[in-house]
$ cat upload08.cif   # mmCIF, C-alpha atoms
data_run
loop_
_atom_site.label_atom_id
_atom_site.label_comp_id
_atom_site.auth_asym_id
_atom_site.auth_seq_id
_atom_site.Cartn_x
_atom_site.Cartn_y
_atom_site.Cartn_z
CA MET H 289 -50.62 -50.39 -5.30
CA ASN H 290 -50.64 -53.05 -2.60
CA ARG H 291 -49.26 -51.05 0.31
CA TYR H 292 -50.92 -48.24 2.17
CA ARG H 293 -50.22 -45.66 4.82
CA THR H 294 -52.56 -46.01 7.76
CA PRO H 295 -53.24 -42.25 8.31
CA ARG H 296 -54.13 -41.87 4.64
CA LEU H 297 -56.44 -44.85 4.80
CA LEU H 298 -58.13 -43.29 7.82
CA LEU H 299 -58.83 -40.20 5.72
CA VAL H 300 -60.46 -42.45 3.15
CA GLY H 301 -62.42 -44.08 6.00
CA LEU H 302 -63.60 -40.64 7.12
CA ALA H 303 -64.75 -39.86 3.60
CA ALA H 304 -66.56 -43.21 3.49
CA LEU H 305 -68.27 -42.42 6.80
CA ILE H 306 -69.42 -39.04 5.48
CA VAL H 307 -70.83 -40.66 2.35
CA GLU H 308 -72.61 -43.28 4.50
CA MET H 309 -74.14 -40.65 6.77
CA THR H 310 -75.14 -38.12 4.13
CA ALA H 311 -75.79 -39.87 0.84
CA GLY H 312 -76.18 -43.39 2.24
CA ASP H 313 -79.96 -43.33 1.88
CA ALA H 314 -79.64 -42.92 -1.88
CA PHE H 315 -78.07 -46.40 -2.01
CA SER H 316 -80.15 -48.03 0.71
CA TRP H 317 -82.28 -51.06 0.08
CA GLY H 318 -84.50 -52.73 2.66
CA GLY H 319 -83.22 -50.32 5.30
CA ALA H 320 -79.61 -51.40 4.72
CA ARG H 321 -76.85 -49.61 2.87
CA PRO H 322 -73.38 -50.61 1.67
CA GLU H 323 -70.97 -50.67 4.62
CA LEU H 324 -68.30 -48.49 3.04
CA VAL H 325 -66.20 -48.07 6.19
CA MET H 326 -66.20 -51.83 6.62
CA LEU H 327 -65.00 -52.20 3.03
CA ALA H 328 -62.12 -49.82 3.77
CA ALA H 329 -61.33 -52.07 6.74
CA LEU H 330 -61.50 -55.13 4.49
CA TYR H 331 -58.96 -53.51 2.18
CA ALA H 332 -56.81 -52.64 5.22
CA ALA H 333 -56.80 -56.25 6.38
CA LEU H 334 -56.24 -57.80 2.94
CA PHE H 335 -53.42 -55.50 1.85
CA ALA H 336 -51.64 -54.75 5.14
CA ARG H 337 -47.84 -54.80 5.26
CA ASP H 338 -48.05 -57.04 8.33
CA PRO H 339 -50.87 -58.22 10.62
CA GLY H 340 -50.11 -55.46 13.15
CA GLN H 341 -50.70 -52.70 10.60
CA GLY H 342 -53.92 -54.33 9.43
CA MET H 343 -55.28 -54.64 12.93
CA VAL H 344 -54.39 -51.08 13.94
CA ALA H 345 -55.98 -49.72 10.75
CA CYS H 346 -59.16 -51.79 11.19
CA TRP H 347 -59.46 -50.89 14.87
CA SER H 348 -59.09 -47.19 14.05
CA LEU H 349 -61.66 -47.41 11.25
CA GLY H 350 -64.06 -49.12 13.67
CA LEU H 351 -63.54 -46.34 16.19
CA LEU H 352 -64.24 -43.83 13.44
CA LYS H 353 -67.54 -45.56 12.75
CA ASP H 354 -68.34 -45.51 16.47
CA LEU H 355 -68.07 -41.70 16.42
CA GLY H 356 -71.09 -41.50 14.16
CA SER H 357 -73.25 -43.98 16.01
CA ALA H 358 -75.37 -43.98 19.14
CA GLY H 359 -74.12 -47.45 20.07
CA PRO H 360 -71.50 -48.17 22.75
CA PRO H 361 -68.18 -46.55 21.76
CA GLY H 362 -65.61 -49.20 20.91
CA TRP H 363 -68.12 -51.74 19.61
CA HIS H 364 -67.29 -51.40 15.93
CA ALA H 365 -63.60 -51.07 16.83
CA LEU H 366 -63.74 -54.45 18.53
CA LEU H 367 -65.69 -56.08 15.69
CA PHE H 368 -63.36 -54.71 13.02
CA LEU H 369 -60.35 -55.83 15.06
CA LEU H 370 -61.68 -59.39 15.32
CA ALA H 371 -62.43 -59.42 11.59
CA ALA H 372 -58.93 -58.11 10.84
CA ALA H 373 -57.35 -60.77 13.05
CA PHE H 374 -59.21 -63.41 11.04
CA VAL H 375 -58.58 -61.93 7.58
CA THR H 376 -54.87 -61.32 8.18
CA ARG H 377 -54.51 -65.01 9.05
CA ILE H 378 -56.34 -66.37 6.02
CA ARG H 379 -55.14 -63.85 3.44
CA LEU H 380 -52.18 -66.02 2.44
CA LEU H 381 -54.59 -68.81 1.59
CA VAL H 382 -56.83 -66.74 -0.70
CA TYR H 383 -56.24 -64.80 -3.88
CA ARG H 384 -57.00 -61.32 -2.55
CA ASP H 385 -57.04 -59.61 -5.94
CA HIS H 386 -59.83 -61.82 -7.23
CA VAL H 387 -63.30 -60.30 -7.50
CA ALA H 388 -64.93 -63.38 -5.99
CA THR H 389 -62.69 -63.24 -2.92
CA GLN H 390 -63.54 -59.60 -2.34
CA LEU H 391 -67.23 -60.18 -2.96
CA VAL H 392 -67.45 -63.10 -0.54
CA CYS H 393 -65.35 -61.37 2.13
CA GLY H 394 -67.42 -58.19 1.82
CA ALA H 395 -70.76 -59.98 1.98
CA ALA H 396 -69.74 -62.27 4.84
CA GLY H 397 -68.20 -59.38 6.77
CA ALA H 398 -71.31 -57.23 6.34
CA ALA H 399 -73.60 -60.08 7.39
CA LEU H 400 -71.56 -60.83 10.51
CA LEU H 401 -71.29 -57.14 11.35
CA ALA H 402 -75.05 -56.70 10.94
CA LEU H 403 -75.87 -59.76 13.05
CA ALA H 404 -73.44 -58.86 15.82
CA THR H 405 -74.59 -55.23 15.93
CA ALA H 406 -78.25 -56.23 15.88
CA LEU H 407 -77.56 -58.56 18.81
CA CYS H 408 -75.74 -55.79 20.67
CA VAL H 409 -78.58 -53.31 20.01
CA SER H 410 -81.16 -55.89 21.13
CA ILE H 411 -79.30 -56.40 24.40
CA THR H 412 -78.31 -52.82 25.18
CA ALA H 413 -81.11 -50.75 23.62
CA GLY H 414 -84.26 -52.68 22.78
CA SER H 415 -85.55 -55.65 20.88
CA ILE H 416 -85.54 -55.70 17.07
CA PRO H 417 -88.23 -57.76 15.29
CA ALA H 418 -86.94 -60.95 13.64
CA GLY H 419 -88.17 -59.84 10.23
CA VAL H 420 -86.13 -56.65 10.43
CA TRP H 421 -83.05 -58.64 11.56
CA ALA H 422 -83.22 -61.10 8.71
CA GLY H 423 -84.19 -58.68 5.96
CA ARG H 424 -81.66 -56.00 6.78
CA THR H 425 -78.82 -58.46 7.33
CA LEU H 426 -79.46 -60.03 3.94
CA ALA H 427 -79.79 -56.66 2.24
CA SER H 428 -76.63 -55.37 3.88
CA ALA H 429 -74.69 -58.49 2.81
CA VAL H 430 -75.90 -58.20 -0.80
CA LEU H 431 -75.23 -54.47 -1.13
CA THR H 432 -71.84 -54.60 0.58
CA GLY H 433 -70.83 -57.73 -1.34
CA LEU H 434 -71.65 -56.07 -4.65
CA ALA H 435 -69.79 -52.91 -3.68
CA ALA H 436 -66.76 -54.77 -2.32
CA PRO H 437 -64.90 -55.48 -5.61
CA LEU H 438 -65.39 -51.87 -6.73
CA VAL H 439 -64.22 -50.31 -3.48
CA VAL H 440 -61.34 -52.69 -2.81
CA THR H 441 -60.07 -52.47 -6.40
CA ALA H 442 -60.34 -48.66 -6.34
CA LEU H 443 -58.38 -48.52 -3.07
CA ALA H 444 -55.79 -51.01 -4.32
CA GLU H 445 -55.24 -48.83 -7.39
CA ALA H 446 -55.24 -45.51 -5.52
CA LYS H 447 -51.81 -43.91 -5.61
CA PHE H 448 -52.83 -41.56 -2.80
CA LEU H 449 -52.73 -44.41 -0.29
CA GLY H 450 -49.28 -45.69 -1.17
CA ARG H 451 -45.81 -44.72 -0.10
CA MET R 16 -38.58 -55.62 18.43
CA PRO R 17 -39.28 -57.91 15.48
CA PRO R 18 -42.67 -57.51 13.76
CA ARG R 19 -43.78 -61.00 14.84
CA ASN R 20 -43.62 -60.05 18.54
CA ARG R 21 -45.31 -56.73 17.96
CA GLY R 22 -48.15 -58.51 16.18
CA SER R 23 -48.83 -60.72 19.18
CA TRP R 24 -49.65 -57.97 21.67
CA THR R 25 -51.26 -55.50 19.29
CA PRO R 26 -54.65 -57.22 19.02
CA LEU R 27 -54.85 -57.77 22.77
CA ALA R 28 -54.04 -54.13 23.54
CA LEU R 29 -56.54 -52.89 20.94
CA ALA R 30 -59.26 -55.27 22.15
CA ALA R 31 -58.65 -54.13 25.72
CA ALA R 32 -58.92 -50.48 24.64
CA ALA R 33 -62.21 -51.18 22.84
CA VAL R 34 -63.63 -53.00 25.88
CA VAL R 35 -62.53 -50.16 28.19
CA LEU R 36 -64.32 -47.67 25.91
CA MET R 37 -67.49 -49.76 25.97
CA ALA R 38 -67.41 -50.42 29.71
CA GLY R 39 -66.36 -46.91 30.71
CA PRO R 40 -68.80 -44.28 31.95
CA LYS R 41 -71.30 -43.55 29.20
CA GLY R 42 -71.06 -39.80 29.67
CA CYS R 43 -67.30 -39.80 29.11
CA PRO R 44 -67.07 -39.89 25.28
CA GLN R 45 -70.43 -38.19 24.61
CA GLY R 46 -69.09 -34.68 24.33
CA ALA R 47 -66.28 -35.72 22.04
CA ARG R 48 -68.53 -37.81 19.81
CA THR R 49 -71.28 -35.26 19.37
CA THR R 50 -68.79 -32.42 18.89
CA LEU R 51 -66.89 -34.40 16.27
CA ALA R 52 -70.17 -34.98 14.46
CA LEU R 53 -70.32 -31.21 13.97
CA ALA R 54 -67.11 -31.45 11.94
CA LEU R 55 -69.15 -33.19 9.25
CA VAL R 56 -71.42 -30.18 8.82
CA PRO R 57 -69.16 -28.10 6.51
CA LEU R 58 -68.59 -31.20 4.39
CA ARG R 59 -72.31 -31.79 4.12
CA VAL R 60 -72.94 -28.15 3.24
CA SER R 61 -70.24 -28.21 0.57
CA ALA R 62 -71.61 -31.48 -0.81
CA LEU R 63 -75.08 -29.94 -1.05
CA ALA R 64 -73.68 -26.78 -2.62
CA THR R 65 -71.80 -28.83 -5.21
CA ALA R 66 -74.94 -30.78 -6.03
CA HIS R 67 -76.90 -27.54 -6.32
CA PHE R 68 -74.27 -26.06 -8.59
CA ALA R 69 -74.36 -29.10 -10.83
CA ASP R 70 -78.11 -28.70 -11.21
CA ARG R 71 -77.83 -25.14 -12.44
CA VAL R 72 -77.23 -24.16 -16.01
CA VAL R 73 -73.84 -22.49 -16.24
CA PRO R 74 -74.31 -19.05 -17.91
CA SER R 75 -72.48 -18.38 -21.14
CA ALA R 76 -69.27 -16.37 -21.16
CA SER R 77 -71.07 -13.46 -22.89
CA ALA R 78 -73.42 -12.79 -19.96
CA ALA R 79 -73.36 -9.15 -18.88
CA ASP R 80 -72.09 -8.00 -15.50
CA LEU R 81 -75.46 -6.47 -14.71
CA GLU R 82 -77.12 -9.77 -15.19
CA LYS R 83 -74.65 -11.29 -12.82
CA ASP R 84 -75.40 -8.59 -10.26
CA ARG R 85 -79.11 -9.13 -10.69
CA ASP R 86 -78.69 -12.85 -10.20
CA PHE R 87 -76.60 -12.23 -7.11
CA TRP R 88 -79.19 -9.97 -5.47
CA ARG R 89 -81.97 -12.28 -6.50
CA THR R 90 -80.18 -15.11 -4.74
CA LYS R 91 -79.62 -12.87 -1.73
CA ALA R 92 -83.31 -11.94 -1.62
CA ALA R 93 -84.28 -15.56 -1.94
CA GLU R 94 -81.96 -16.43 0.94
CA LEU R 95 -83.48 -13.75 3.17
CA HIS R 96 -86.98 -14.77 2.18
CA GLU R 97 -86.13 -18.36 3.01
CA ARG R 98 -84.77 -17.26 6.40
CA ALA R 99 -87.91 -15.26 7.13
CA THR R 100 -90.09 -18.19 6.17
CA TRP R 101 -88.02 -20.47 8.39
CA LEU R 102 -88.40 -18.13 11.36
CA GLU R 103 -92.12 -17.82 10.73
CA ARG R 104 -92.43 -21.57 10.61
CA GLN R 105 -90.50 -21.87 13.88
CA ALA R 106 -92.85 -19.40 15.56
CA GLN R 107 -95.90 -21.29 14.29
CA GLN R 108 -94.39 -24.55 15.46
CA LEU R 109 -93.78 -23.20 18.95
CA GLN R 110 -97.34 -21.91 19.04
CA ARG R 111 -98.72 -25.33 18.13
CA ILE R 112 -96.56 -27.04 20.75
CA ARG R 113 -97.85 -24.58 23.32
CA GLU R 114 -101.36 -25.89 22.62
CA VAL R 115 -100.24 -29.20 24.15
CA ILE R 116 -97.61 -27.96 26.62
CA ALA R 117 -99.47 -25.00 28.04
CA ASP R 118 -97.30 -24.64 31.16
CA PRO R 119 -95.31 -21.41 30.56
CA GLY R 120 -92.63 -22.67 32.95
CA VAL R 121 -91.63 -25.37 30.44
CA ARG R 122 -88.98 -23.94 28.13
CA LEU R 123 -88.84 -24.82 24.43
CA LEU R 124 -85.60 -24.57 22.48
CA PRO R 125 -85.61 -24.54 18.65
CA ALA R 126 -82.72 -26.44 17.07
CA SER R 127 -81.53 -27.21 13.57
CA VAL R 128 -80.89 -30.73 12.37
CA VAL R 129 -77.36 -31.16 11.01
CA LEU R 130 -77.19 -34.90 10.39
CA ASN R 131 -80.20 -37.07 9.62
CA ALA R 132 -78.54 -40.45 9.86
CA ASP R 133 -76.60 -42.78 12.14
CA ALA R 134 -73.45 -44.64 11.16
CA SER R 135 -75.05 -47.90 12.25
CA ALA R 136 -77.84 -49.36 10.14
CA TRP R 137 -79.56 -50.55 13.34
CA ARG R 138 -79.86 -47.23 15.08
CA ARG R 139 -82.10 -44.29 14.16
CA THR R 140 -80.61 -41.03 15.34
CA ILE R 141 -80.21 -37.43 14.23
CA THR R 142 -77.76 -34.76 15.37
CA ILE R 143 -78.97 -31.30 16.35
CA THR R 144 -77.14 -28.01 16.89
CA ARG R 145 -77.93 -27.49 20.55
CA GLY R 146 -75.98 -28.86 23.51
CA THR R 147 -75.37 -28.59 27.21
CA VAL R 148 -74.40 -24.90 26.94
CA HIS R 149 -77.95 -24.23 25.74
CA GLY R 150 -79.50 -26.31 28.50
CA VAL R 151 -79.98 -29.58 26.62
CA ALA R 152 -79.65 -32.72 28.74
CA ARG R 153 -80.10 -36.44 28.30
CA ASP R 154 -83.67 -37.79 28.08
CA GLN R 155 -85.28 -34.49 27.07
CA LEU R 156 -88.07 -34.77 24.50
CA VAL R 157 -87.58 -33.49 20.96
CA LEU R 158 -90.62 -32.41 18.97
CA CYS R 159 -91.67 -31.25 15.53
CA ASP R 160 -94.98 -29.44 15.91
CA LYS R 161 -97.11 -31.73 18.09
CA HIS R 162 -95.23 -34.81 16.88
CA VAL R 163 -92.62 -36.56 18.99
CA VAL R 164 -89.36 -36.82 17.05
CA GLY R 165 -87.40 -38.57 19.79
CA ARG R 166 -85.43 -38.15 22.94
CA VAL R 167 -81.93 -36.74 23.59
CA ALA R 168 -79.48 -39.63 23.94
CA GLU R 169 -76.17 -37.80 24.21
CA ALA R 170 -75.55 -34.12 24.81
CA GLY R 171 -72.25 -32.52 23.91
CA PRO R 172 -71.41 -28.86 24.53
CA TRP R 173 -72.78 -27.55 21.22
CA SER R 174 -74.56 -30.52 19.68
CA SER R 175 -76.67 -33.47 20.75
CA ARG R 176 -77.66 -36.83 19.38
CA VAL R 177 -81.37 -37.59 19.39
CA LEU R 178 -82.83 -41.10 19.45
CA LEU R 179 -85.73 -41.10 17.00
CA VAL R 180 -89.05 -42.73 17.89
CA CYS R 181 -88.19 -45.62 15.56
CA ASP R 182 -84.92 -46.41 17.40
CA PRO R 183 -85.17 -49.61 19.45
CA ALA R 184 -84.00 -47.74 22.57
CA PHE R 185 -86.96 -45.33 22.43
CA LYS R 186 -89.77 -46.26 24.81
CA CYS R 187 -92.66 -44.29 26.24
CA GLY R 188 -96.19 -44.73 27.53
CA ALA R 189 -98.76 -44.31 24.76
CA VAL R 190 -102.50 -44.39 24.12
CA ALA R 191 -104.37 -45.28 20.92
CA VAL R 192 -107.18 -42.85 20.14
CA PRO R 193 -109.88 -44.26 17.81
CA ARG R 194 -110.68 -42.40 14.61
CA ARG R 195 -114.34 -41.82 15.54
CA PRO R 196 -114.52 -39.37 18.44
CA SER R 197 -117.70 -41.08 19.72
CA ASP R 198 -115.66 -44.26 20.41
CA ALA R 199 -113.09 -42.45 22.46
CA GLY R 200 -113.46 -41.99 26.13
CA ALA R 201 -111.48 -39.30 27.87
CA LEU R 202 -107.78 -39.69 27.11
CA GLY R 203 -106.97 -40.24 30.76
CA GLU R 204 -109.44 -43.16 30.95
CA ARG R 205 -108.01 -45.07 28.01
CA GLU R 206 -105.73 -48.08 28.42
CA THR R 207 -102.06 -47.18 28.28
CA GLY R 208 -99.57 -49.28 26.38
CA ILE R 209 -95.85 -49.03 25.74
CA PHE R 210 -94.56 -47.62 22.46
CA GLU R 211 -91.18 -48.95 21.31
CA GLY R 212 -89.16 -48.24 18.18
CA ASP R 213 -88.52 -51.22 15.89
CA ALA R 214 -85.26 -50.10 14.21
CA GLY R 215 -87.19 -49.81 10.95
CA GLN R 216 -89.47 -46.99 9.85
CA GLY R 217 -91.83 -47.06 12.83
CA GLY R 218 -92.58 -48.68 16.13
CA VAL R 219 -94.81 -51.04 18.02
CA LEU R 220 -97.48 -50.27 20.60
CA LYS R 221 -97.61 -53.20 23.00
CA TRP R 222 -98.66 -54.33 26.44
CA LEU R 223 -102.13 -52.94 25.77
CA ALA R 224 -104.80 -54.29 28.12
CA GLY R 225 -106.86 -57.09 26.54
CA GLU R 226 -109.82 -55.21 25.06
CA ALA R 227 -108.15 -51.86 24.43
CA ALA R 228 -109.01 -50.62 20.99
CA ALA R 229 -106.08 -50.11 18.63
CA GLU R 230 -107.85 -50.16 15.28
CA GLU R 231 -106.05 -49.41 12.07
CA GLY R 232 -105.76 -45.70 11.46
CA ALA R 233 -106.10 -44.78 15.12
CA LEU R 234 -103.88 -42.00 16.35
CA VAL R 235 -101.21 -42.96 18.90
CA VAL R 236 -100.39 -40.23 21.41
CA THR R 237 -98.21 -40.04 24.50
CA ALA R 238 -99.54 -40.82 27.93
CA SER R 239 -98.65 -38.44 30.72
CA ASP R 240 -95.34 -39.28 32.42
CA PRO R 241 -94.37 -36.35 34.65
CA ALA R 242 -91.31 -38.17 35.99
CA ARG R 243 -89.74 -38.18 32.51
CA GLY R 244 -91.18 -34.85 31.44
CA VAL R 245 -93.62 -36.31 28.92
CA PRO R 246 -96.93 -34.45 28.63
CA ARG R 247 -100.13 -36.15 27.51
CA GLY R 248 -101.33 -35.85 23.92
CA LEU R 249 -98.17 -35.51 21.82
CA ILE R 250 -98.50 -37.47 18.57
CA LEU R 251 -96.34 -40.57 18.05
CA GLY R 252 -97.94 -41.86 14.86
CA ARG R 253 -100.85 -43.77 13.39
CA VAL R 254 -101.73 -47.45 13.86
CA ALA R 255 -100.69 -49.20 10.65
CA GLY R 256 -101.82 -52.68 11.64
CA ALA R 257 -103.10 -54.39 14.76
CA ALA R 258 -102.72 -58.05 15.68
CA ARG R 259 -102.94 -60.18 18.77
CA GLY R 260 -100.04 -62.33 17.62
CA ARG R 261 -98.79 -65.09 19.89
CA GLY R 262 -98.85 -62.97 23.03
CA ALA R 263 -101.67 -62.53 25.49
CA THR R 264 -102.04 -58.84 24.76
CA PRO R 265 -102.67 -57.16 21.42
CA ARG R 266 -99.95 -55.17 19.74
CA ALA R 267 -100.12 -52.63 16.99
CA ASP R 268 -97.63 -51.47 14.38
CA VAL R 269 -97.30 -47.71 14.47
CA ALA R 270 -96.15 -45.54 11.56
CA PRO R 271 -94.89 -42.09 12.61
CA PHE R 272 -96.04 -39.07 10.60
CA VAL R 273 -92.66 -37.37 10.75
CA ASN R 274 -90.09 -38.33 8.15
CA PRO R 275 -86.76 -38.00 9.97
CA ARG R 276 -84.85 -37.77 6.69
CA ALA R 277 -86.69 -34.58 5.80
CA LEU R 278 -86.36 -32.91 9.19
CA GLU R 279 -84.61 -29.54 9.20
CA ALA R 280 -85.72 -28.00 12.49
CA VAL R 281 -86.97 -29.41 15.77
CA VAL R 282 -87.83 -28.16 19.23
CA VAL R 283 -86.26 -29.49 22.43
CA VAL R 284 -88.43 -29.51 25.55
CA LEU R 285 -86.01 -28.30 28.21
CA GLY R 286 -88.28 -28.77 31.19
CA GLU R 287 -89.29 -26.32 33.85
CA GLU R 288 -87.14 -23.30 34.63
CA ARG R 289 -85.67 -23.36 38.10
#

$ encode --input "upload08.cif" --output "structure tokens"
Amino acid sequence: MNRYRTPRLLLVGLAALIVEMTAGDAFSWGGARPELVMLAALYAALFARDPGQGMVACWSLGLLKDLGSAGPPGWHALLFLLAAAFVTRIRLLVYRDHVATQLVCGAAGAALLALATALCVSITAGSIPAGVWAGRTLASAVLTGLAAPLVVTALAEAKFLGR
Amino acid sequence: MPPRNRGSWTPLALAAAAVVLMAGPKGCPQGARTTLALALVPLRVSALATAHFADRVVPSASAADLEKDRDFWRTKAAELHERATWLERQAQQLQRIREVIADPGVRLLPASVVLNADASAWRRTITITRGTVHGVARDQLVLCDKHVVGRVAEAGPWSSRVLLVCDPAFKCGAVAVPRRPSDAGALGERETGIFEGDAGQGGVLKWLAGEAAAEEGALVVTASDPARGVPRGLILGRVAGAARGRGATPRADVAPFVNPRALEAVVVVLGEER
């Protein structure tokens, strides 16, 4: 199933957010956990009908993540939108169904998200030690990268999302 | 309009909306965000109930009705007992806090913790079931016994988000108290530093004056800050390691005693009644 309905994907994003905020610690490593909402956004960008749908879905998923965070509202929405703008441009050049593509996109996305958010937190809230930055970014990239093929494949096969 | 044209303005409009949300007044989305967080509570409860059910042995089909009744009332009694224990614990907690905050004018508000995590891996927050209708406001202290849990960051009508002591935005004046009482002068005479969360499991005590003792194992307590409603002597944690580092002043890693993941109930310090 390579097409999705945005409202249905947002429901999946909400479920992912709940899992992150309730059972996320069970899968955490080095203070990081798999970025499940970001993986839903990755699927949205890779399998969108057109770039507009991908960007709207990613922006909405980012806003959903902002609801559960103490950071500035709109921050994740902006980051997910930028990522979607990039992915929707390159998706014709990559084989999106391949595990390696999903793994690399997931890991790179999580690393960039972690770095950008850490920078934002350092500026707006308070400094974060360099060791915590590096360790958690790496851990987040590894965990999210490993989870990416599973999540993206599951979403691509989910009949619930399709039309 | 063809899809190509629609695609060109969509990202700009969405980016502008995100920037407006970030740049807008901070109080504006607080109520909505903290109230929406409450919507997760039934889902969490049902998830826990499902997990609990899975742990139990399902009785055989031949079990008698009386046994079922007995089990039901046993569960009911256990629930009530648990409730009584919880209330007793709350009362004891309030009593212990009153040992530090003796002023009867300062109101204390018990609250339950509904969410122990933040959506961002870089922030350390919890959500509690008390909001502006109960008198909760931004910057109020949140305690668990004599331990500082954090400070209210956003207050919605019925729920609030609390920055934990290990969040990088948490800062307060703090004093290290040596383990041997003979080494400790009066608390008010000791050098005050700044405690900051480190986005990990603890925080850092820094800007201590040159010779101020911050030995490993020393207790770190709050320094009096009447302007922000912080009384002296509330516990922040224990010094886990001290080093001078590259800076001119020593700094110490502090490990809090409270595990935020295990928190179920806290107390909000509402301030003086007017």

$ residues_around --input "upload08.cif" --residues "Ala435 of chain H" --least-positions-apart "3" --cutoff "10 Å" --atoms "only C-alpha atoms" --output "MDAnalysis selection string"
chainID H and resid 322:324 327 390:391 394:395 429:432 438:440

$ atom_distance --input "upload08.cif" --atom1 "atom CA of Val129 of chain R" --atom2 "atom CA of Thr142 of chain R"
5.7 Å

$ closest_residue --input "upload08.cif" --among "R:Gly232, R:Pro125, R:Pro183, R:Pro119" --to "Glu211 of chain R" --atoms "only C-alpha atoms"
R:Pro183

$ resolve_selection --input "upload08.cif" --expression "the PyMOL selection byres ((chain R and resi 149-161) around 7)" --output "list in words"
Gln108, Arg111, Ile112, Arg145, Gly146, Thr147, Val148, His162, Val163, Val164, Gly165, Arg166, Val167, Ala168, Glu169, Ala170, Leu249, Ile250, Val281, Val282, Val283, Val284 and Leu285 of chain R

$ residues_around --input "upload08.cif" --residues "segment 382-384 of chain H" --least-positions-apart "5" --cutoff "10 Å" --atoms "all atoms listed in the file" --output "mmCIF file with C-alpha atoms, in the frame of the given file"
data_model
loop_
_atom_site.group_PDB
_atom_site.id
_atom_site.type_symbol
_atom_site.label_atom_id
_atom_site.label_comp_id
_atom_site.auth_asym_id
_atom_site.auth_seq_id
_atom_site.Cartn_x
_atom_site.Cartn_y
_atom_site.Cartn_z
ATOM 1 C CA TYR H 331 -58.960 -53.510 2.180
ATOM 2 C CA LEU H 334 -56.240 -57.800 2.940
ATOM 3 C CA PHE H 335 -53.420 -55.500 1.850
ATOM 4 C CA VAL H 375 -58.580 -61.930 7.580
ATOM 5 C CA THR H 389 -62.690 -63.240 -2.920
ATOM 6 C CA GLN H 390 -63.540 -59.600 -2.340
ATOM 7 C CA CYS H 393 -65.350 -61.370 2.130
ATOM 8 C CA VAL H 440 -61.340 -52.690 -2.810
#

$ closest_atom_pairs --input "upload08.cif" --of "segment 300-369 of chain H" --to "segment 51-54 of chain R" --cutoff "12 Å" --atoms "only C-alpha atoms" --output "CSV"
residue,atom,partner,partner_atom,distance
H:Leu302,CA,R:Ala54,CA,11.0
H:Leu305,CA,R:Ala52,CA,10.8
H:Ile306,CA,R:Ala52,CA,9.9
H:Met309,CA,R:Ala52,CA,10.3
H:Thr310,CA,R:Ala52,CA,11.9
H:Leu352,CA,R:Leu51,CA,10.2
H:Lys353,CA,R:Ala52,CA,11.0
H:Asp354,CA,R:Ala52,CA,10.9
H:Leu355,CA,R:Ala52,CA,7.3
H:Gly356,CA,R:Ala52,CA,6.6
H:Ser357,CA,R:Ala52,CA,9.6
H:Ala358,CA,R:Ala52,CA,11.4

$ interface_residues --input "upload08.cif" --of "chain H" --to "chain R" --cutoff "8 Å" --atoms "only C-alpha atoms" --output "PyMOL selection string"
chain H and resi 305-306+308-310+319-321+338-340+343-344+347+353-363+365-366+369+373+402+405-406+409-410+413-417+420

$ atom_distance --input "upload08.cif" --atom1 "atom CA of Thr376 of chain H" --atom2 "atom CA of Ala345 of chain H"
11.9 Å

$ atom_distance --input "upload08.cif" --atom1 "atom CA of Arg424 of chain H" --atom2 "atom CA of Phe368 of chain H"
19.4 Å

$ resolve_selection --input "upload08.cif" --expression "the PyMOL selection byres ((chain H and resi 295) around 12)" --output "PyMOL selection string"
chain H and resi 292-294+296-302+332+341+344-346+348-349+448-451

$ residues_around --input "upload08.cif" --residues "Leu223 of chain R" --least-positions-apart "5" --cutoff "8 Å" --atoms "only C-alpha atoms" --output "list in words"
Glu206, Thr207, Gly208, Ile209, Thr264, Pro265 and Arg266 of chain R

$ residues_around --input "upload08.cif" --residues "Ser239 of chain R" --least-positions-apart "3" --cutoff "10 Å" --atoms "all atoms listed in the file" --output "PyMOL selection string"
chain R and resi 187-190+202-203+207+236+242-249

$ closest_residue --input "upload08.cif" --among "H:Leu381, H:Ala446, H:Leu330, H:Leu351" --to "Gly433 of chain H" --atoms "all atoms listed in the file"
H:Leu330

$ decode --input "upload08.cif" --residues "segment 426-443 of chain H" --atoms "C-alpha atoms" --output "mmCIF file, in the first residue's frame"
data_model
loop_
_atom_site.group_PDB
_atom_site.id
_atom_site.type_symbol
_atom_site.label_atom_id
_atom_site.label_comp_id
_atom_site.auth_asym_id
_atom_site.auth_seq_id
_atom_site.Cartn_x
_atom_site.Cartn_y
_atom_site.Cartn_z
ATOM 1 C CA LEU H 426 24.397 8.785 18.379
ATOM 2 C CA ALA H 427 22.074 6.584 20.416
ATOM 3 C CA SER H 428 18.997 8.209 18.904
ATOM 4 C CA ALA H 429 20.373 7.732 15.371
ATOM 5 C CA VAL H 430 21.176 4.055 15.997
ATOM 6 C CA LEU H 431 17.851 3.217 17.639
ATOM 7 C CA THR H 432 15.755 5.127 15.113
ATOM 8 C CA GLY H 433 17.766 3.766 12.182
ATOM 9 C CA LEU H 434 17.216 0.200 13.363
ATOM 10 C CA ALA H 435 13.510 0.803 13.904
ATOM 11 C CA ALA H 436 13.028 2.608 10.588
ATOM 12 C CA PRO H 437 12.731 -0.418 8.240
ATOM 13 C CA LEU H 438 10.270 -2.097 10.621
ATOM 14 C CA VAL H 439 8.062 0.953 11.074
ATOM 15 C CA VAL H 440 8.132 2.150 7.463
ATOM 16 C CA THR H 441 7.484 -1.348 6.095
ATOM 17 C CA ALA H 442 4.630 -1.872 8.578
ATOM 18 C CA LEU H 443 3.067 1.448 7.569
#
